[in-house]
Amino acid sequence: MATCPKCMGALTEHHRCPRGPIRRLADALSTVAMGAIIGVVILYLFDERPVPALVMAAAALGGVLTSAVRQAVSPQS
């Protein structure tokens, strides 16, 4: 089987080389940041003055959940 000279992956009919590491990192960080923001906003909808530890927990949970959903939905390479 032929291999791609750029990424050394299997050269099939529908081969596409993966994006660079900086682009993948930027995509992952932006996803986690948006999830953290959504988690904090939802927290503030329920509680007027939350404890700072709860804000951090909501941000972390939002980031983890959006990252998991992104990995589940995105096509596997």
# chains A, B, ... in the order shown; residues from 1 in each chain; ligands from 1

$ residues_around --residues "stretch 3-11 of chain A" --least-positions-apart "6" --cutoff "12 Å" --atoms "only C-alpha atoms" --output "PyMOL selection string"
chain A and resi 17-20+77

$ residues_around --residues "A:Ala59" --least-positions-apart "4" --cutoff "9 Å" --atoms "only C-alpha atoms" --output "number ranges by chain"
A: 33, 35-40, 43, 54-55, 63-64

$ write_last_selection --atoms "N, CA and C atoms" --output "compact mmCIF listing (two decimals), in the first residue's frame"
# COMPACT_ATOMS: atom_id res chain seq x y z
N ALA A 33 -12.63 26.95 25.75
CA ALA A 33 -12.92 28.31 26.23
C ALA A 33 -14.41 28.64 26.06
N GLY A 35 -16.85 26.50 25.97
CA GLY A 35 -17.57 25.69 26.95
C GLY A 35 -17.49 26.27 28.34
N ALA A 36 -16.31 26.81 28.69
CA ALA A 36 -16.15 27.43 30.00
C ALA A 36 -17.04 28.66 30.13
N ILE A 37 -17.09 29.46 29.09
CA ILE A 37 -17.94 30.65 29.10
C ILE A 37 -19.41 30.26 29.22
N ILE A 38 -19.82 29.25 28.46
CA ILE A 38 -21.22 28.80 28.53
C ILE A 38 -21.53 28.27 29.93
N GLY A 39 -20.61 27.52 30.52
CA GLY A 39 -20.83 27.00 31.87
C GLY A 39 -20.99 28.10 32.90
N VAL A 40 -20.17 29.15 32.80
CA VAL A 40 -20.27 30.27 33.75
C VAL A 40 -21.57 31.04 33.53
N LEU A 43 -24.37 29.15 35.04
CA LEU A 43 -24.30 29.27 36.49
C LEU A 43 -24.90 30.59 36.96
N LEU A 54 -17.30 27.74 42.92
CA LEU A 54 -18.38 27.20 42.09
C LEU A 54 -18.27 27.72 40.66
N VAL A 55 -17.83 28.96 40.51
CA VAL A 55 -17.62 29.52 39.17
C VAL A 55 -16.52 28.75 38.46
N GLY A 63 -16.03 23.30 30.03
CA GLY A 63 -14.93 23.02 29.11
C GLY A 63 -14.78 21.54 28.82
N VAL A 64 -14.88 20.72 29.85
CA VAL A 64 -14.74 19.27 29.67
C VAL A 64 -15.89 18.71 28.84

$ closest_residue --among "A:Leu65, A:Met1, A:Ala58, A:Ala26" --to "A:Phe46" --atoms "only C-alpha atoms"
A:Ala58

$ atom_distance --atom1 "atom CA of A:Arg70" --atom2 "atom CA of A:Pro52"
27.0 Å

$ atom_distance --atom1 "atom CA of A:Glu13" --atom2 "atom CA of A:Pro75"
16.8 Å

$ decode --residues "stretch 8-24 of chain A" --atoms "all heavy atoms" --output "PDB file, in the first residue's frame"
ATOM      1  N   MET A   8       2.908  10.430   6.005  1.00  0.00           N
ATOM      2  CA  MET A   8       3.230   9.001   6.125  1.00  0.00           C
ATOM      3  C   MET A   8       2.013   8.149   6.459  1.00  0.00           C
ATOM      4  O   MET A   8       2.143   7.035   6.963  1.00  0.00           O
ATOM      5  CB  MET A   8       4.327   8.763   7.171  1.00  0.00           C
ATOM      6  CG  MET A   8       5.613   9.475   6.831  1.00  0.00           C
ATOM      7  SD  MET A   8       6.138   9.124   5.182  1.00  0.00           S
ATOM      8  CE  MET A   8       7.534   8.112   5.510  1.00  0.00           C
ATOM      9  N   GLY A   9       0.824   8.652   6.169  1.00  0.00           N
ATOM     10  CA  GLY A   9      -0.395   7.881   6.370  1.00  0.00           C
ATOM     11  C   GLY A   9      -0.703   7.047   5.143  1.00  0.00           C
ATOM     12  O   GLY A   9      -0.095   7.197   4.087  1.00  0.00           O
ATOM     13  N   ALA A  10      -1.667   6.150   5.275  1.00  0.00           N
ATOM     14  CA  ALA A  10      -2.057   5.313   4.150  1.00  0.00           C
ATOM     15  C   ALA A  10      -2.670   6.186   3.056  1.00  0.00           C
ATOM     16  O   ALA A  10      -3.545   7.016   3.321  1.00  0.00           O
ATOM     17  CB  ALA A  10      -3.050   4.266   4.613  1.00  0.00           C
ATOM     18  N   LEU A  11      -2.206   6.018   1.855  1.00  0.00           N
ATOM     19  CA  LEU A  11      -2.652   6.837   0.734  1.00  0.00           C
ATOM     20  C   LEU A  11      -3.834   6.142   0.063  1.00  0.00           C
ATOM     21  O   LEU A  11      -3.701   5.390  -0.895  1.00  0.00           O
ATOM     22  CB  LEU A  11      -1.505   7.041  -0.247  1.00  0.00           C
ATOM     23  CG  LEU A  11      -1.642   8.152  -1.267  1.00  0.00           C
ATOM     24  CD1 LEU A  11      -1.925   9.480  -0.573  1.00  0.00           C
ATOM     25  CD2 LEU A  11      -0.390   8.279  -2.085  1.00  0.00           C
ATOM     26  N   THR A  12      -5.019   6.390   0.582  1.00  0.00           N
ATOM     27  CA  THR A  12      -6.236   5.806   0.029  1.00  0.00           C
ATOM     28  C   THR A  12      -6.874   6.795  -0.935  1.00  0.00           C
ATOM     29  O   THR A  12      -6.350   7.880  -1.183  1.00  0.00           O
ATOM     30  CB  THR A  12      -7.229   5.475   1.158  1.00  0.00           C
ATOM     31  OG1 THR A  12      -7.568   6.682   1.835  1.00  0.00           O
ATOM     32  CG2 THR A  12      -6.626   4.488   2.148  1.00  0.00           C
ATOM     33  N   GLU A  13      -8.011   6.413  -1.469  1.00  0.00           N
ATOM     34  CA  GLU A  13      -8.692   7.252  -2.454  1.00  0.00           C
ATOM     35  C   GLU A  13      -9.142   8.586  -1.862  1.00  0.00           C
ATOM     36  O   GLU A  13      -9.103   9.620  -2.521  1.00  0.00           O
ATOM     37  CB  GLU A  13      -9.900   6.495  -3.005  1.00  0.00           C
ATOM     38  CG  GLU A  13     -10.624   7.229  -4.103  1.00  0.00           C
ATOM     39  CD  GLU A  13     -11.764   6.400  -4.660  1.00  0.00           C
ATOM     40  OE1 GLU A  13     -11.735   5.167  -4.542  1.00  0.00           O
ATOM     41  OE2 GLU A  13     -12.685   7.013  -5.219  1.00  0.00           O
ATOM     42  N   HIS A  14      -9.574   8.590  -0.612  1.00  0.00           N
ATOM     43  CA  HIS A  14     -10.098   9.802   0.021  1.00  0.00           C
ATOM     44  C   HIS A  14      -9.141  10.339   1.077  1.00  0.00           C
ATOM     45  O   HIS A  14      -9.562  10.880   2.108  1.00  0.00           O
ATOM     46  CB  HIS A  14     -11.456   9.516   0.654  1.00  0.00           C
ATOM     47  CG  HIS A  14     -12.460   9.029  -0.336  1.00  0.00           C
ATOM     48  ND1 HIS A  14     -13.004   9.835  -1.293  1.00  0.00           N
ATOM     49  CD2 HIS A  14     -12.992   7.798  -0.538  1.00  0.00           C
ATOM     50  CE1 HIS A  14     -13.839   9.139  -2.020  1.00  0.00           C
ATOM     51  NE2 HIS A  14     -13.855   7.893  -1.582  1.00  0.00           N
ATOM     52  N   HIS A  15      -7.838  10.211   0.851  1.00  0.00           N
ATOM     53  CA  HIS A  15      -6.840  10.641   1.832  1.00  0.00           C
ATOM     54  C   HIS A  15      -6.792  12.164   1.939  1.00  0.00           C
ATOM     55  O   HIS A  15      -6.795  12.872   0.945  1.00  0.00           O
ATOM     56  CB  HIS A  15      -5.459  10.125   1.435  1.00  0.00           C
ATOM     57  CG  HIS A  15      -4.361  10.665   2.297  1.00  0.00           C
ATOM     58  ND1 HIS A  15      -4.155  10.222   3.572  1.00  0.00           N
ATOM     59  CD2 HIS A  15      -3.417  11.619   2.070  1.00  0.00           C
ATOM     60  CE1 HIS A  15      -3.123  10.872   4.098  1.00  0.00           C
ATOM     61  NE2 HIS A  15      -2.660  11.730   3.211  1.00  0.00           N
ATOM     62  N   ARG A  16      -6.741  12.639   3.180  1.00  0.00           N
ATOM     63  CA  ARG A  16      -6.524  14.058   3.477  1.00  0.00           C
ATOM     64  C   ARG A  16      -5.517  14.123   4.607  1.00  0.00           C
ATOM     65  O   ARG A  16      -5.702  13.484   5.640  1.00  0.00           O
ATOM     66  CB  ARG A  16      -7.818  14.737   3.910  1.00  0.00           C
ATOM     67  CG  ARG A  16      -8.786  14.926   2.758  1.00  0.00           C
ATOM     68  CD  ARG A  16     -10.067  15.581   3.185  1.00  0.00           C
ATOM     69  NE  ARG A  16      -9.791  16.829   3.871  1.00  0.00           N
ATOM     70  CZ  ARG A  16     -10.681  17.503   4.573  1.00  0.00           C
ATOM     71  NH1 ARG A  16     -11.893  17.030   4.704  1.00  0.00           N
ATOM     72  NH2 ARG A  16     -10.362  18.617   5.166  1.00  0.00           N
ATOM     73  N   CYS A  17      -4.473  14.892   4.422  1.00  0.00           N
ATOM     74  CA  CYS A  17      -3.454  15.038   5.461  1.00  0.00           C
ATOM     75  C   CYS A  17      -4.045  15.790   6.655  1.00  0.00           C
ATOM     76  O   CYS A  17      -4.847  16.715   6.481  1.00  0.00           O
ATOM     77  CB  CYS A  17      -2.239  15.794   4.929  1.00  0.00           C
ATOM     78  SG  CYS A  17      -1.299  14.869   3.717  1.00  0.00           S
ATOM     79  N   PRO A  18      -3.649  15.409   7.881  1.00  0.00           N
ATOM     80  CA  PRO A  18      -4.157  16.120   9.057  1.00  0.00           C
ATOM     81  C   PRO A  18      -3.608  17.542   9.121  1.00  0.00           C
ATOM     82  O   PRO A  18      -2.562  17.849   8.564  1.00  0.00           O
ATOM     83  CB  PRO A  18      -3.654  15.283  10.237  1.00  0.00           C
ATOM     84  CG  PRO A  18      -2.520  14.500   9.696  1.00  0.00           C
ATOM     85  CD  PRO A  18      -2.754  14.312   8.227  1.00  0.00           C
ATOM     86  N   ARG A  19      -4.357  18.379   9.795  1.00  0.00           N
ATOM     87  CA  ARG A  19      -3.921  19.763   9.967  1.00  0.00           C
ATOM     88  C   ARG A  19      -2.717  19.823  10.886  1.00  0.00           C
ATOM     89  O   ARG A  19      -2.421  18.887  11.602  1.00  0.00           O
ATOM     90  CB  ARG A  19      -5.061  20.593  10.548  1.00  0.00           C
ATOM     91  CG  ARG A  19      -6.238  20.672   9.586  1.00  0.00           C
ATOM     92  CD  ARG A  19      -7.338  21.449  10.197  1.00  0.00           C
ATOM     93  NE  ARG A  19      -7.743  20.789  11.443  1.00  0.00           N
ATOM     94  CZ  ARG A  19      -8.900  20.914  11.998  1.00  0.00           C
ATOM     95  NH1 ARG A  19      -9.785  21.694  11.483  1.00  0.00           N
ATOM     96  NH2 ARG A  19      -9.194  20.290  13.109  1.00  0.00           N
ATOM     97  N   GLY A  20      -2.063  20.965  10.889  1.00  0.00           N
ATOM     98  CA  GLY A  20      -0.867  21.145  11.706  1.00  0.00           C
ATOM     99  C   GLY A  20      -1.175  21.169  13.185  1.00  0.00           C
ATOM    100  O   GLY A  20      -2.319  21.357  13.607  1.00  0.00           O
ATOM    101  N   PRO A  21      -0.147  21.007  14.020  1.00  0.00           N
ATOM    102  CA  PRO A  21      -0.365  20.938  15.470  1.00  0.00           C
ATOM    103  C   PRO A  21      -0.858  22.259  16.061  1.00  0.00           C
ATOM    104  O   PRO A  21      -1.638  22.256  17.013  1.00  0.00           O
ATOM    105  CB  PRO A  21       1.000  20.555  16.030  1.00  0.00           C
ATOM    106  CG  PRO A  21       1.973  20.903  14.972  1.00  0.00           C
ATOM    107  CD  PRO A  21       1.243  20.796  13.665  1.00  0.00           C
ATOM    108  N   ILE A  22      -0.437  23.374  15.508  1.00  0.00           N
ATOM    109  CA  ILE A  22      -0.874  24.672  16.040  1.00  0.00           C
ATOM    110  C   ILE A  22      -2.358  24.873  15.768  1.00  0.00           C
ATOM    111  O   ILE A  22      -3.106  25.332  16.641  1.00  0.00           O
ATOM    112  CB  ILE A  22      -0.028  25.815  15.460  1.00  0.00           C
ATOM    113  CG1 ILE A  22       1.410  25.668  15.943  1.00  0.00           C
ATOM    114  CG2 ILE A  22      -0.603  27.165  15.839  1.00  0.00           C
ATOM    115  CD1 ILE A  22       2.370  26.647  15.331  1.00  0.00           C
ATOM    116  N   ARG A  23      -2.811  24.502  14.592  1.00  0.00           N
ATOM    117  CA  ARG A  23      -4.226  24.642  14.254  1.00  0.00           C
ATOM    118  C   ARG A  23      -5.094  23.724  15.117  1.00  0.00           C
ATOM    119  O   ARG A  23      -6.163  24.114  15.593  1.00  0.00           O
ATOM    120  CB  ARG A  23      -4.415  24.326  12.767  1.00  0.00           C
ATOM    121  CG  ARG A  23      -5.831  24.362  12.278  1.00  0.00           C
ATOM    122  CD  ARG A  23      -6.411  25.757  12.405  1.00  0.00           C
ATOM    123  NE  ARG A  23      -7.831  25.725  12.204  1.00  0.00           N
ATOM    124  CZ  ARG A  23      -8.470  26.467  11.346  1.00  0.00           C
ATOM    125  NH1 ARG A  23      -7.814  27.346  10.632  1.00  0.00           N
ATOM    126  NH2 ARG A  23      -9.757  26.370  11.203  1.00  0.00           N
ATOM    127  N   ARG A  24      -4.642  22.492  15.329  1.00  0.00           N
ATOM    128  CA  ARG A  24      -5.401  21.567  16.180  1.00  0.00           C
ATOM    129  C   ARG A  24      -5.467  22.068  17.614  1.00  0.00           C
ATOM    130  O   ARG A  24      -6.511  21.985  18.267  1.00  0.00           O
ATOM    131  CB  ARG A  24      -4.765  20.174  16.140  1.00  0.00           C
ATOM    132  CG  ARG A  24      -4.956  19.472  14.822  1.00  0.00           C
ATOM    133  CD  ARG A  24      -4.537  18.019  14.921  1.00  0.00           C
ATOM    134  NE  ARG A  24      -3.216  17.876  15.515  1.00  0.00           N
ATOM    135  CZ  ARG A  24      -2.162  17.381  14.915  1.00  0.00           C
ATOM    136  NH1 ARG A  24      -2.259  16.969  13.685  1.00  0.00           N
ATOM    137  NH2 ARG A  24      -1.007  17.275  15.535  1.00  0.00           N
TER     138      ARG A  24
END
